[in-house]
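**Student:** Input target-v3.tsv, format and content: TSV, C-alpha atoms.
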chain	number	residue	atom	x	y	z
R	1	MET	CA	26.87	-8.25	4.08
R	2	GLU	CA	24.23	-8.91	6.71
R	3	ASN	CA	21.63	-11.59	6.83
R	4	GLN	CA	18.35	-11.55	8.69
R	5	THR	CA	15.62	-14.18	8.72
R	6	PHE	CA	11.90	-13.54	9.08
R	7	PRO	CA	9.05	-16.02	9.36
R	8	ALA	CA	7.02	-15.92	6.15
R	9	THR	CA	3.89	-14.41	7.71
R	10	LEU	CA	2.22	-11.04	7.26
R	11	ASP	CA	3.24	-10.16	10.83
R	12	SER	CA	6.80	-9.91	9.58
R	13	LEU	CA	6.04	-7.01	7.24
R	14	ASP	CA	6.31	-4.46	10.03
R	15	ASP	CA	9.76	-5.75	11.01
R	16	LEU	CA	10.84	-5.97	7.42
R	17	ARG	CA	9.93	-2.32	6.83
R	18	ASP	CA	11.83	-1.38	9.99
R	19	LEU	CA	14.88	-3.21	8.67
R	20	VAL	CA	14.69	-1.40	5.33
R	21	ARG	CA	14.25	1.95	7.07
R	22	ASP	CA	17.30	1.25	9.19
R	23	LYS	CA	19.48	0.23	6.24
R	24	ALA	CA	18.28	3.17	4.15
R	25	LEU	CA	19.16	5.53	6.96
R	26	ARG	CA	22.66	4.08	7.15
R	27	ALA	CA	22.98	4.39	3.38
R	28	ASN	CA	21.89	8.03	3.60
R	29	LEU	CA	19.02	7.52	1.21
R	30	ASP	CA	16.62	10.43	1.17
R	31	LYS	CA	13.09	10.07	2.49
R	32	LYS	CA	11.53	9.51	-0.89
R	33	LYS	CA	13.91	6.75	-1.89
R	34	THR	CA	13.60	5.18	1.53
R	35	TYR	CA	9.84	5.07	1.17
R	36	LYS	CA	9.99	3.60	-2.33
R	37	LEU	CA	12.42	0.91	-1.24
R	38	MET	CA	10.28	0.11	1.78
R	39	LEU	CA	7.19	-0.12	-0.41
R	40	ALA	CA	8.97	-2.35	-2.93
R	41	LEU	CA	10.12	-4.80	-0.25
R	42	ASP	CA	6.69	-4.80	1.35
R	43	GLU	CA	4.97	-5.57	-1.96
R	44	ILE	CA	7.27	-8.41	-2.98
R	45	ALA	CA	7.37	-9.91	0.51
R	46	THR	CA	3.56	-9.80	0.62
R	47	ASN	CA	3.38	-11.76	-2.65
R	48	ILE	CA	5.84	-14.35	-1.41
R	49	ILE	CA	4.03	-14.77	1.90
R	50	LEU	CA	0.49	-14.90	0.51
R	51	TYR	CA	1.03	-16.78	-2.75
R	52	GLY	CA	4.38	-18.51	-2.39
R	53	TYR	CA	3.74	-19.86	1.08
R	54	GLU	CA	0.19	-19.44	2.47
R	55	GLN	CA	-1.74	-20.30	-0.65
R	56	ALA	CA	0.56	-23.25	-1.30
R	57	GLY	CA	0.01	-24.44	2.27
R	58	LYS	CA	3.68	-24.09	3.04
R	59	GLU	CA	5.49	-22.59	5.98
R	60	GLY	CA	8.86	-21.01	5.66
R	61	VAL	CA	11.09	-18.03	5.97
R	62	LEU	CA	12.31	-14.99	4.14
R	63	ASP	CA	16.02	-14.37	4.25
R	64	VAL	CA	16.96	-10.76	3.80
R	65	ILE	CA	20.53	-10.06	2.81
R	66	THR	CA	21.70	-6.47	2.72
R	67	GLU	CA	24.85	-5.11	1.21
R	68	LEU	CA	25.95	-1.51	1.36
R	69	THR	CA	28.69	-0.38	-0.95
R	70	GLY	CA	29.94	3.09	-1.77
R	71	ASP	CA	27.44	3.66	-4.52
R	72	HIS	CA	24.45	1.48	-3.80
R	73	LEU	CA	22.32	-0.29	-1.26
R	74	LYS	CA	21.38	-3.79	-2.34
R	75	ILE	CA	18.74	-5.85	-0.58
R	76	VAL	CA	18.08	-9.44	-1.56
R	77	VAL	CA	15.03	-11.36	-0.39
R	78	GLU	CA	15.37	-15.13	-0.66
R	79	ASP	CA	12.62	-17.69	-0.20
R	80	ASP	CA	11.99	-21.40	-0.73
R	81	ALA	CA	8.57	-21.12	-2.35
R	82	GLU	CA	7.89	-22.31	-5.91
R	83	PRO	CA	9.81	-20.33	-8.52
R	84	PHE	CA	8.03	-17.06	-9.24
R	85	ASP	CA	9.48	-14.30	-11.34
R	86	PRO	CA	7.53	-11.09	-10.71
R	87	LEU	CA	8.97	-9.65	-13.92
R	88	GLN	CA	7.18	-12.29	-15.98
R	89	LYS	CA	3.81	-11.00	-14.89
R	90	ASP	CA	1.94	-8.65	-17.21
R	91	LEU	CA	1.98	-5.32	-15.53
R	92	PRO	CA	-0.92	-2.95	-15.69
R	93	GLY	CA	-0.13	0.18	-17.67
R	94	GLU	CA	-1.36	3.69	-18.37
R	95	THR	CA	-4.57	2.50	-20.01
R	96	ASP	CA	-5.55	0.43	-16.99
R	97	PHE	CA	-4.68	3.18	-14.56
R	98	SER	CA	-6.79	5.71	-16.40
R	99	LYS	CA	-9.88	3.53	-16.21
R	100	PRO	CA	-12.52	4.33	-13.63
R	101	LEU	CA	-11.84	2.61	-10.34
R	102	GLU	CA	-14.70	0.17	-10.71
R	103	GLU	CA	-13.42	-1.12	-14.05
R	104	ARG	CA	-9.78	-1.51	-13.18
R	105	PRO	CA	-7.97	-4.81	-13.01
R	106	ILE	CA	-7.15	-5.45	-9.39
R	107	GLY	CA	-3.81	-7.23	-9.73
R	108	GLY	CA	-0.32	-6.21	-10.64
R	109	MET	CA	-0.26	-2.90	-8.81
R	110	GLY	CA	2.26	-4.05	-6.23
R	111	ILE	CA	4.77	-5.30	-8.78
R	112	PHE	CA	4.25	-2.15	-10.83
R	113	LEU	CA	5.07	-0.01	-7.79
R	114	THR	CA	8.11	-2.17	-7.05
R	115	VAL	CA	9.60	-2.05	-10.52
R	116	ASN	CA	8.94	1.66	-10.83
R	117	GLY	CA	10.07	2.53	-7.35
R	118	VAL	CA	13.60	1.14	-7.11
R	119	ASP	CA	16.61	1.97	-9.27
R	120	SER	CA	16.97	-1.66	-10.24
R	121	PHE	CA	14.88	-4.74	-9.62
R	122	GLN	CA	16.11	-8.18	-10.60
R	123	TYR	CA	14.95	-11.71	-10.13
R	124	GLU	CA	16.86	-14.97	-10.24
R	125	TYR	CA	16.32	-18.56	-9.17
R	126	VAL	CA	19.46	-19.99	-7.64
R	127	ASN	CA	20.01	-23.16	-5.60
R	128	ASN	CA	16.26	-23.79	-5.47
R	129	ARG	CA	15.58	-20.37	-4.03
R	130	ASN	CA	13.82	-17.32	-5.39
R	131	ARG	CA	16.03	-14.26	-5.16
R	132	ASN	CA	14.35	-10.88	-5.48
R	133	ILE	CA	16.98	-8.17	-5.71
R	134	PHE	CA	16.37	-4.51	-4.96
R	135	ILE	CA	19.00	-1.89	-5.65
R	136	MET	CA	18.97	1.79	-4.77
R	137	ASN	CA	21.78	4.01	-6.00
R	138	ILE	CA	23.23	6.26	-3.39
R	139	GLN	CA	23.25	9.94	-4.31
R	140	GLY	CA	22.24	8.87	-7.79
R	141	THR	CA	21.12	11.45	-10.30
R	142	ASP	CA	17.96	9.55	-11.13
R	143	ALA	CA	14.75	10.32	-9.35
M	1	MET	CA	8.51	1.89	17.42
M	2	ASN	CA	5.76	2.20	14.84
M	3	GLN	CA	4.48	-1.27	15.48
M	4	VAL	CA	2.00	-0.23	18.10
M	5	LEU	CA	0.63	2.44	15.83
M	6	SER	CA	0.31	0.17	12.87
M	7	ARG	CA	-1.75	-2.31	14.81
M	8	ARG	CA	-4.36	0.22	15.73
M	9	TYR	CA	-4.59	2.34	12.70
M	10	VAL	CA	-8.26	2.38	12.06
M	11	ARG	CA	-11.11	4.07	13.81
M	12	SER	CA	-14.46	4.40	12.27
M	13	ILE	CA	-17.02	7.01	12.95
M	14	PRO	CA	-20.65	6.09	12.40
M	15	LEU	CA	-22.46	7.36	9.39
M	16	THR	CA	-24.18	10.64	9.82
M	17	ASN	CA	-27.16	11.96	7.98
M	18	LYS	CA	-26.56	15.47	6.91
M	19	LEU	CA	-29.54	17.57	5.99
M	20	SER	CA	-29.12	20.56	3.79
M	21	ASN	CA	-31.38	23.17	2.26
M	22	THR	CA	-33.99	22.81	4.94
M	23	MET	CA	-34.40	26.59	5.13
M	24	SER	CA	-36.39	26.95	1.99
M	25	PHE	CA	-39.95	25.66	2.08
M	26	HIS	CA	-40.11	24.63	-1.56
M	27	ILE	CA	-36.87	22.75	-1.65
M	28	LEU	CA	-36.76	19.11	-0.81
M	29	ALA	CA	-34.55	18.22	2.08
M	30	GLU	CA	-31.65	16.28	0.70
M	31	ALA	CA	-30.15	13.65	2.92
M	32	LYS	CA	-26.58	12.75	2.25
M	33	LYS	CA	-25.02	9.78	3.95
M	34	ILE	CA	-21.44	10.30	4.92
M	35	ALA	CA	-19.05	7.68	6.24
M	36	LYS	CA	-15.88	8.78	7.98
M	37	ILE	CA	-12.84	6.65	8.71
M	38	THR	CA	-9.55	7.75	10.20
M	39	LEU	CA	-6.46	5.83	9.15
M	40	ALA	CA	-3.19	6.24	11.04
M	41	GLY	CA	0.08	4.33	11.08
M	42	GLU	CA	0.99	1.90	8.35
M	43	LEU	CA	-1.50	0.28	6.03
M	44	ASP	CA	0.00	-2.95	4.69
M	45	SER	CA	-1.56	-6.22	3.60
M	46	LEU	CA	-2.14	-7.24	7.20
M	47	SER	CA	-3.85	-4.06	8.39
M	48	ALA	CA	-5.65	-3.77	5.04
M	49	ARG	CA	-7.80	-6.69	6.20
M	50	GLU	CA	-9.04	-4.61	9.09
M	51	PHE	CA	-9.61	-1.65	6.80
M	52	GLN	CA	-11.59	-3.88	4.46
M	53	ARG	CA	-13.82	-5.05	7.32
M	54	GLU	CA	-14.54	-1.42	8.18
M	55	ILE	CA	-15.41	-0.70	4.57
M	56	GLU	CA	-17.74	-3.69	4.50
M	57	LYS	CA	-19.57	-2.35	7.56
M	58	VAL	CA	-19.79	1.07	6.03
M	59	ALA	CA	-20.93	-0.36	2.67
M	60	ALA	CA	-23.96	-1.90	4.36
M	61	GLU	CA	-25.19	1.63	5.04
M	62	GLY	CA	-24.81	2.65	1.40
M	63	PRO	CA	-23.10	5.99	1.93
M	64	ASP	CA	-22.87	8.71	-0.72
M	65	GLU	CA	-19.52	9.89	0.52
M	66	LEU	CA	-16.59	8.15	2.12
M	67	ILE	CA	-14.22	10.46	3.93
M	68	LEU	CA	-10.82	9.09	4.87
M	69	PHE	CA	-8.77	11.16	7.29
M	70	VAL	CA	-5.20	10.10	6.62
M	71	GLU	CA	-3.03	12.86	8.03
M	72	ASN	CA	-1.21	10.39	10.28
M	73	LEU	CA	-1.07	7.57	7.78
M	74	THR	CA	2.62	7.08	6.98
M	75	PHE	CA	2.51	4.11	4.64
M	76	ILE	CA	0.11	2.51	2.21
M	77	SER	CA	0.82	-0.53	0.06
M	78	SER	CA	-1.16	-1.78	-2.91
M	79	ALA	CA	-3.21	-3.88	-0.49
M	80	GLY	CA	-4.53	-0.63	0.97
M	81	LEU	CA	-5.17	0.80	-2.48
M	82	ARG	CA	-7.13	-2.31	-3.40
M	83	VAL	CA	-9.47	-1.67	-0.49
M	84	LEU	CA	-10.25	1.73	-2.01
M	85	ILE	CA	-11.03	0.07	-5.31
M	86	PHE	CA	-13.09	-2.52	-3.45
M	87	ALA	CA	-15.07	0.28	-1.74
M	88	LYS	CA	-15.99	1.81	-5.06
M	89	GLN	CA	-16.91	-1.55	-6.53
M	90	LYS	CA	-18.92	-2.57	-3.50
M	91	ILE	CA	-20.70	0.68	-2.76
M	92	GLY	CA	-21.09	1.88	-6.31
M	93	THR	CA	-19.80	4.25	-8.91
M	94	ASN	CA	-21.56	7.21	-7.36
M	95	LEU	CA	-19.63	6.95	-4.14
M	96	ALA	CA	-17.43	10.01	-3.71
M	97	ILE	CA	-14.20	9.22	-1.89
M	98	TYR	CA	-12.35	12.04	-0.16
M	99	ILE	CA	-8.80	11.54	1.03
M	100	VAL	CA	-8.04	14.22	3.56
M	101	LYS	CA	-4.47	15.45	4.02
M	102	PRO	CA	-2.40	12.58	2.66
M	103	GLN	CA	1.36	12.72	3.14
M	104	ASP	CA	3.54	13.29	0.03
M	105	ASN	CA	4.67	9.70	-0.39
M	106	ILE	CA	1.07	8.55	-0.33
M	107	VAL	CA	0.02	11.16	-2.90
M	108	ASP	CA	2.88	9.87	-5.09
M	109	THR	CA	1.54	6.34	-4.90
M	110	LEU	CA	-2.01	7.47	-5.65
M	111	GLU	CA	-0.74	9.39	-8.69
M	112	LYS	CA	1.50	6.63	-9.95
M	113	THR	CA	-1.34	4.15	-9.92
M	114	GLY	CA	-3.82	6.61	-11.41
M	115	LEU	CA	-6.04	6.46	-8.36
M	116	GLN	CA	-6.02	10.21	-8.00
M	117	HIS	CA	-8.50	10.34	-10.90
M	118	SER	CA	-11.03	8.37	-8.94
M	119	VAL	CA	-10.72	9.98	-5.53
M	120	ASN	CA	-10.70	13.54	-4.29
M	121	ILE	CA	-7.51	14.54	-2.55
M	122	VAL	CA	-8.28	17.45	-0.27
M	123	ASP	CA	-6.55	19.49	2.43
M	124	LYS	CA	-9.55	19.49	4.63
M	125	TYR	CA	-13.07	18.23	4.68
M	126	MET	CA	-15.75	20.64	5.77
Go through the file and emit its structure as structure tokens.
**Tutor:**
Amino acid sequence: MENQTFPATLDSLDDLRDLVRDKALRANLDKKKTYKLMLALDEIATNIILYGYEQAGKEGVLDVITELTGDHLKIVVEDDAEPFDPLQKDLPGETDFSKPLEERPIGGMGIFLTVNGVDSFQYEYVNNRNRNIFIMNIQGTDA
Amino acid sequence: MNQVLSRRYVRSIPLTNKLSNTMSFHILAEAKKIAKITLAGELDSLSAREFQREIEKVAAEGPDELILFVENLTFISSAGLRVLIFAKQKIGTNLAIYIVKPQDNIVDTLEKTGLQHSVNIVDKYM
């Protein structure tokens, strides 16, 4: 298990994606899965930074804990912002995505991409911290 | 190593007026306004702000077509996608958006979010 801390600012997204890329490489994830995991982390971290911290006028950090086992790569992002469960948000669906661009709802796309991009996405609130958990199976049969 | 790239991902080319059908005396010359922007590197919620500023500049000219050259764009998050939606909402329904040579992962994201129905994904723009 490794732990890395990032300041909760948009500047950290670059470094966060680098970290994911590095871990994915070590886990032997293919390019597609690596990209999806990177995108998922980027989306959730963006939400935490913009809404959990900036909009609330708070400063803070993101702790990123990675764990590589034989069959999966697990990345946990922890933060001290107000509790926010991304899975409780109504996600846009097929009907929204088939609407013309100018009539589409603008929110929810990031969480949609997250949930649909990783093999498992979980949320929990433990010890006054949000924990967003991303899991990618290694050499899994799923796409 | 991609940090330098991702900080300077956007370059905009001024709008050009393209005249067509000027050969024939009885046909009205049709002026089409085309805006071209090249995106390279990684488009996340930080760089999307820069992209949005470029779109705002371009929107002031009221282009008919927006051409995005994205061959060297390696990442786009929903923040980047929202700028595309913003462009359409700001400039108008009639705006045709061309996305030239997107990488596979980016095409995947466009398809997953249904955006491919509202933009034209092309291999090259003539």
**Student:** Within 7 Å of chain R, which residues of chain M show up when using all atoms listed in the file, listed as an MDAnalysis selection string?
**Tutor:** chainID M and resid 3 45:46 77:78 82 85 88:89 93 105 113:114 118
**Student:** By how many Å are atom CA of M:Glu65 and atom CA of M:Lys112 apart?
**Tutor:**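 That distance, rounded to one decimal, is 23.7 Å.
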**Student:** Can you work out the spacing between atom CA of M:Val122 and atom CA of M:Pro102 in Å, to one decimal?
**Tutor:** 8.2 Å
**Student:** Report, in Å with one decimal, the straight-line distance from atom CA of R:Asn130 to atom CA of R:Arg26.
**Tutor:**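 So the answer is 26.3 Å.
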**Student:** Show me, as a list of chain:residue names, the residues that have an atom within 10 Å of R:Ala81 when counting all atoms listed in the file, minus same-chain residues fewer than 6 positions from it.
**Tutor:** R:Ile48, R:Ile49, R:Tyr51, R:Gly52, R:Tyr53, R:Glu54, R:Ala56, R:Lys58, R:Glu59, R:Gly60, R:Val61, R:Leu62, R:Asn128, R:Arg129, R:Asn130
**Student:** Quick one: residues within 9 Å of R:Leu68, all atoms listed in the file, excluding same-chain residues fewer than 2 positions away - as a PyMOL selection string?
**Tutor:** chain R and resi 1+23+26-27+66+70-75
**Student:** Which one of M:Met126, M:Leu68, M:Leu81, M:Asn120 sits closest to M:Ala96 if you count only C-alpha atoms?
**Tutor:**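 Answer, going by the shortest atom-to-atom distance: M:Asn120.
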**Student:** Show me the residues around (17.8, -1.5, -11.3) - criterion: an atom at most 8 Å away, all atoms listed in the file counted - as a CSV table (one decimal) with C-alpha atoms, keeping the file's coordinate frame.
**Tutor:**
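Full text of result.csv as output:
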chain,number,residue,atom,x,y,z
R,118,VAL,CA,13.6,1.1,-7.1
R,119,ASP,CA,16.6,2.0,-9.3
R,120,SER,CA,17.0,-1.7,-10.2
R,121,PHE,CA,14.9,-4.7,-9.6
R,122,GLN,CA,16.1,-8.2,-10.6
R,134,PHE,CA,16.4,-4.5,-5.0
R,135,ILE,CA,19.0,-1.9,-5.6
R,136,MET,CA,19.0,1.8,-4.8
**Student:** Once 3 Å is added on each side, what are the centre and the three edge lengths, in Å to one decimal, of the axis-aligned box enclosing the listed atoms of stretch 54-57 of chain R? Present them as AutoDock Vina command-line options.
**Tutor:**
--center_x -0.6 --center_y -21.9 --center_z 0.6 --size_x 8.3 --size_y 11.0 --size_z 9.8
**Student:** Kindly indicate which residue among M:Leu84, M:Ala59, M:Leu73, M:Ala79 lies nearest to M:Ser47, using only C-alpha atoms for the distances.
**Tutor:**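 Looking at the shortest contact to M:Ser47, the residue is M:Ala79.
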**Student:** Skip M:Arg49 itself and residues of its chain fewer than 5 positions away, then list as a list in words all residues within 9 Å of it, counting only C-alpha atoms.
**Tutor:**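 Skipping anything fewer than 5 positions along the chain leaves Asp44, Glu54, Ala79, Gly80 and Val83 of chain M.
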**Student:** Taking into account all atoms listed in the file, which residue in the set M:Glu42, M:Glu56, M:Asp108, M:Glu50 is nearest to M:Glu71?
**Tutor:**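 Comparing M:Glu42, M:Glu56, M:Asp108, M:Glu50 against M:Glu71, the winner is M:Glu42.
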**Student:** Return the single residue from R:Gly57, R:Lys89, R:Asn28, R:Glu124 that is closest to R:Asn137, with distances computed using only C-alpha atoms.
**Tutor:**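 Using only C-alpha atoms, R:Asn137 sits closest to R:Asn28.
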**Student:** Write out as an mmCIF file with C-alpha atoms, in the coordinates of the input which residues come within 6 Å of M:Tyr98 when counting all atoms listed in the file, dropping same-chain ones fewer than 5 positions away.
**Tutor:**
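The new file out_19.cif reads:
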data_model
loop_
_atom_site.group_PDB
_atom_site.id
_atom_site.type_symbol
_atom_site.label_atom_id
_atom_site.label_comp_id
_atom_site.auth_asym_id
_atom_site.auth_seq_id
_atom_site.Cartn_x
_atom_site.Cartn_y
_atom_site.Cartn_z
ATOM 1 C CA ILE M 67 -14.220 10.460 3.930
ATOM 2 C CA VAL M 119 -10.720 9.980 -5.530
ATOM 3 C CA ASN M 120 -10.700 13.540 -4.290
ATOM 4 C CA ILE M 121 -7.510 14.540 -2.550
#
**Student:** With only C-alpha atoms as the atoms that count, which of M:Gln52, M:Asp123, M:Leu66, M:Ile76 lies nearest to M:Ile37?
**Tutor:**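 Of M:Gln52, M:Asp123, M:Leu66, M:Ile76, the one nearest M:Ile37, counting only C-alpha atoms, is M:Leu66.
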**Student:** What lies within 7 Å of R:Val64 using all atoms listed in the file, ignoring chain neighbours under 3 positions off, as a ChimeraX atom specification?
**Tutor:** /R:3-5,75-78
**Student:** Take the residues just selected and output them with C-alpha atoms as a PDB file, in the frame of the given file.
**Tutor:**
ATOM      1  CA  ASN R   3      21.630 -11.590   6.830  1.00  0.00           C
ATOM      2  CA  GLN R   4      18.350 -11.550   8.690  1.00  0.00           C
ATOM      3  CA  THR R   5      15.620 -14.180   8.720  1.00  0.00           C
ATOM      4  CA  ILE R  75      18.740  -5.850  -0.580  1.00  0.00           C
ATOM      5  CA  VAL R  76      18.080  -9.440  -1.560  1.00  0.00           C
ATOM      6  CA  VAL R  77      15.030 -11.360  -0.390  1.00  0.00           C
ATOM      7  CA  GLU R  78      15.370 -15.130  -0.660  1.00  0.00           C
TER       8      GLU R  78
END
**Student:** What would stretch 113-123 of chain R look like with all heavy atoms restored, written as a PDB file, keeping the file's coordinate frame?
**Tutor:**
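Output file part04.pdb follows:
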ATOM      1  N   LEU R 113       4.470  -0.983  -8.719  1.00  0.00           N
ATOM      2  CA  LEU R 113       5.070  -0.010  -7.790  1.00  0.00           C
ATOM      3  C   LEU R 113       6.514  -0.388  -7.454  1.00  0.00           C
ATOM      4  O   LEU R 113       7.372   0.473  -7.280  1.00  0.00           O
ATOM      5  CB  LEU R 113       4.238   0.103  -6.510  1.00  0.00           C
ATOM      6  CG  LEU R 113       2.893   0.820  -6.652  1.00  0.00           C
ATOM      7  CD1 LEU R 113       2.050   0.635  -5.390  1.00  0.00           C
ATOM      8  CD2 LEU R 113       3.097   2.302  -6.941  1.00  0.00           C
ATOM      9  N   THR R 114       6.764  -1.687  -7.355  1.00  0.00           N
ATOM     10  CA  THR R 114       8.110  -2.170  -7.050  1.00  0.00           C
ATOM     11  C   THR R 114       9.083  -1.802  -8.170  1.00  0.00           C
ATOM     12  O   THR R 114      10.110  -1.163  -7.957  1.00  0.00           O
ATOM     13  CB  THR R 114       8.102  -3.699  -6.889  1.00  0.00           C
ATOM     14  OG1 THR R 114       7.225  -4.033  -5.818  1.00  0.00           O
ATOM     15  CG2 THR R 114       9.494  -4.237  -6.613  1.00  0.00           C
ATOM     16  N   VAL R 115       8.719  -2.236  -9.375  1.00  0.00           N
ATOM     17  CA  VAL R 115       9.600  -2.050 -10.520  1.00  0.00           C
ATOM     18  C   VAL R 115       9.841  -0.561 -10.781  1.00  0.00           C
ATOM     19  O   VAL R 115      10.939  -0.142 -11.139  1.00  0.00           O
ATOM     20  CB  VAL R 115       8.989  -2.750 -11.758  1.00  0.00           C
ATOM     21  CG1 VAL R 115       9.773  -2.416 -13.014  1.00  0.00           C
ATOM     22  CG2 VAL R 115       8.966  -4.252 -11.534  1.00  0.00           C
ATOM     23  N   ASN R 116       8.813   0.234 -10.581  1.00  0.00           N
ATOM     24  CA  ASN R 116       8.940   1.660 -10.830  1.00  0.00           C
ATOM     25  C   ASN R 116       9.508   2.448  -9.656  1.00  0.00           C
ATOM     26  O   ASN R 116       9.803   3.626  -9.789  1.00  0.00           O
ATOM     27  CB  ASN R 116       7.591   2.254 -11.235  1.00  0.00           C
ATOM     28  CG  ASN R 116       7.222   1.835 -12.639  1.00  0.00           C
ATOM     29  OD1 ASN R 116       7.664   2.440 -13.595  1.00  0.00           O
ATOM     30  ND2 ASN R 116       6.467   0.756 -12.746  1.00  0.00           N
ATOM     31  N   GLY R 117       9.643   1.789  -8.537  1.00  0.00           N
ATOM     32  CA  GLY R 117      10.070   2.530  -7.350  1.00  0.00           C
ATOM     33  C   GLY R 117      11.561   2.430  -7.049  1.00  0.00           C
ATOM     34  O   GLY R 117      12.152   3.346  -6.492  1.00  0.00           O
ATOM     35  N   VAL R 118      12.176   1.308  -7.425  1.00  0.00           N
ATOM     36  CA  VAL R 118      13.600   1.140  -7.110  1.00  0.00           C
ATOM     37  C   VAL R 118      14.452   1.425  -8.353  1.00  0.00           C
ATOM     38  O   VAL R 118      13.960   1.427  -9.475  1.00  0.00           O
ATOM     39  CB  VAL R 118      13.905  -0.279  -6.565  1.00  0.00           C
ATOM     40  CG1 VAL R 118      13.226  -0.493  -5.230  1.00  0.00           C
ATOM     41  CG2 VAL R 118      13.485  -1.355  -7.554  1.00  0.00           C
ATOM     42  N   ASP R 119      15.727   1.671  -8.139  1.00  0.00           N
ATOM     43  CA  ASP R 119      16.610   1.970  -9.270  1.00  0.00           C
ATOM     44  C   ASP R 119      16.828   0.729 -10.127  1.00  0.00           C
ATOM     45  O   ASP R 119      16.984   0.816 -11.342  1.00  0.00           O
ATOM     46  CB  ASP R 119      17.945   2.520  -8.766  1.00  0.00           C
ATOM     47  CG  ASP R 119      17.765   3.917  -8.183  1.00  0.00           C
ATOM     48  OD1 ASP R 119      16.877   4.642  -8.667  1.00  0.00           O
ATOM     49  OD2 ASP R 119      18.487   4.274  -7.233  1.00  0.00           O
ATOM     50  N   SER R 120      16.862  -0.425  -9.478  1.00  0.00           N
ATOM     51  CA  SER R 120      16.970  -1.660 -10.240  1.00  0.00           C
ATOM     52  C   SER R 120      16.299  -2.786  -9.484  1.00  0.00           C
ATOM     53  O   SER R 120      16.463  -2.922  -8.273  1.00  0.00           O
ATOM     54  CB  SER R 120      18.454  -1.992 -10.466  1.00  0.00           C
ATOM     55  OG  SER R 120      18.573  -3.284 -11.012  1.00  0.00           O
ATOM     56  N   PHE R 121      15.501  -3.560 -10.214  1.00  0.00           N
ATOM     57  CA  PHE R 121      14.880  -4.740  -9.620  1.00  0.00           C
ATOM     58  C   PHE R 121      15.221  -5.935 -10.482  1.00  0.00           C
ATOM     59  O   PHE R 121      15.065  -5.904 -11.696  1.00  0.00           O
ATOM     60  CB  PHE R 121      13.355  -4.581  -9.516  1.00  0.00           C
ATOM     61  CG  PHE R 121      12.678  -5.822  -9.004  1.00  0.00           C
ATOM     62  CD1 PHE R 121      12.727  -6.138  -7.649  1.00  0.00           C
ATOM     63  CD2 PHE R 121      12.031  -6.683  -9.871  1.00  0.00           C
ATOM     64  CE1 PHE R 121      12.134  -7.299  -7.174  1.00  0.00           C
ATOM     65  CE2 PHE R 121      11.433  -7.847  -9.402  1.00  0.00           C
ATOM     66  CZ  PHE R 121      11.488  -8.150  -8.057  1.00  0.00           C
ATOM     67  N   GLN R 122      15.743  -6.974  -9.858  1.00  0.00           N
ATOM     68  CA  GLN R 122      16.110  -8.180 -10.600  1.00  0.00           C
ATOM     69  C   GLN R 122      15.572  -9.412  -9.902  1.00  0.00           C
ATOM     70  O   GLN R 122      15.332  -9.386  -8.699  1.00  0.00           O
ATOM     71  CB  GLN R 122      17.649  -8.300 -10.676  1.00  0.00           C
ATOM     72  CG  GLN R 122      18.329  -7.185 -11.451  1.00  0.00           C
ATOM     73  CD  GLN R 122      19.755  -6.948 -10.980  1.00  0.00           C
ATOM     74  OE1 GLN R 122      20.389  -7.835 -10.420  1.00  0.00           O
ATOM     75  NE2 GLN R 122      20.250  -5.735 -11.203  1.00  0.00           N
ATOM     76  N   TYR R 123      15.398 -10.440 -10.698  1.00  0.00           N
ATOM     77  CA  TYR R 123      14.950 -11.710 -10.130  1.00  0.00           C
ATOM     78  C   TYR R 123      15.846 -12.822 -10.647  1.00  0.00           C
ATOM     79  O   TYR R 123      16.240 -12.824 -11.811  1.00  0.00           O
ATOM     80  CB  TYR R 123      13.500 -12.003 -10.534  1.00  0.00           C
ATOM     81  CG  TYR R 123      13.098 -13.421 -10.206  1.00  0.00           C
ATOM     82  CD1 TYR R 123      12.665 -13.759  -8.932  1.00  0.00           C
ATOM     83  CD2 TYR R 123      13.215 -14.440 -11.158  1.00  0.00           C
ATOM     84  CE1 TYR R 123      12.339 -15.074  -8.616  1.00  0.00           C
ATOM     85  CE2 TYR R 123      12.891 -15.750 -10.848  1.00  0.00           C
ATOM     86  CZ  TYR R 123      12.456 -16.061  -9.574  1.00  0.00           C
ATOM     87  OH  TYR R 123      12.146 -17.348  -9.264  1.00  0.00           O
TER      88      TYR R 123
END
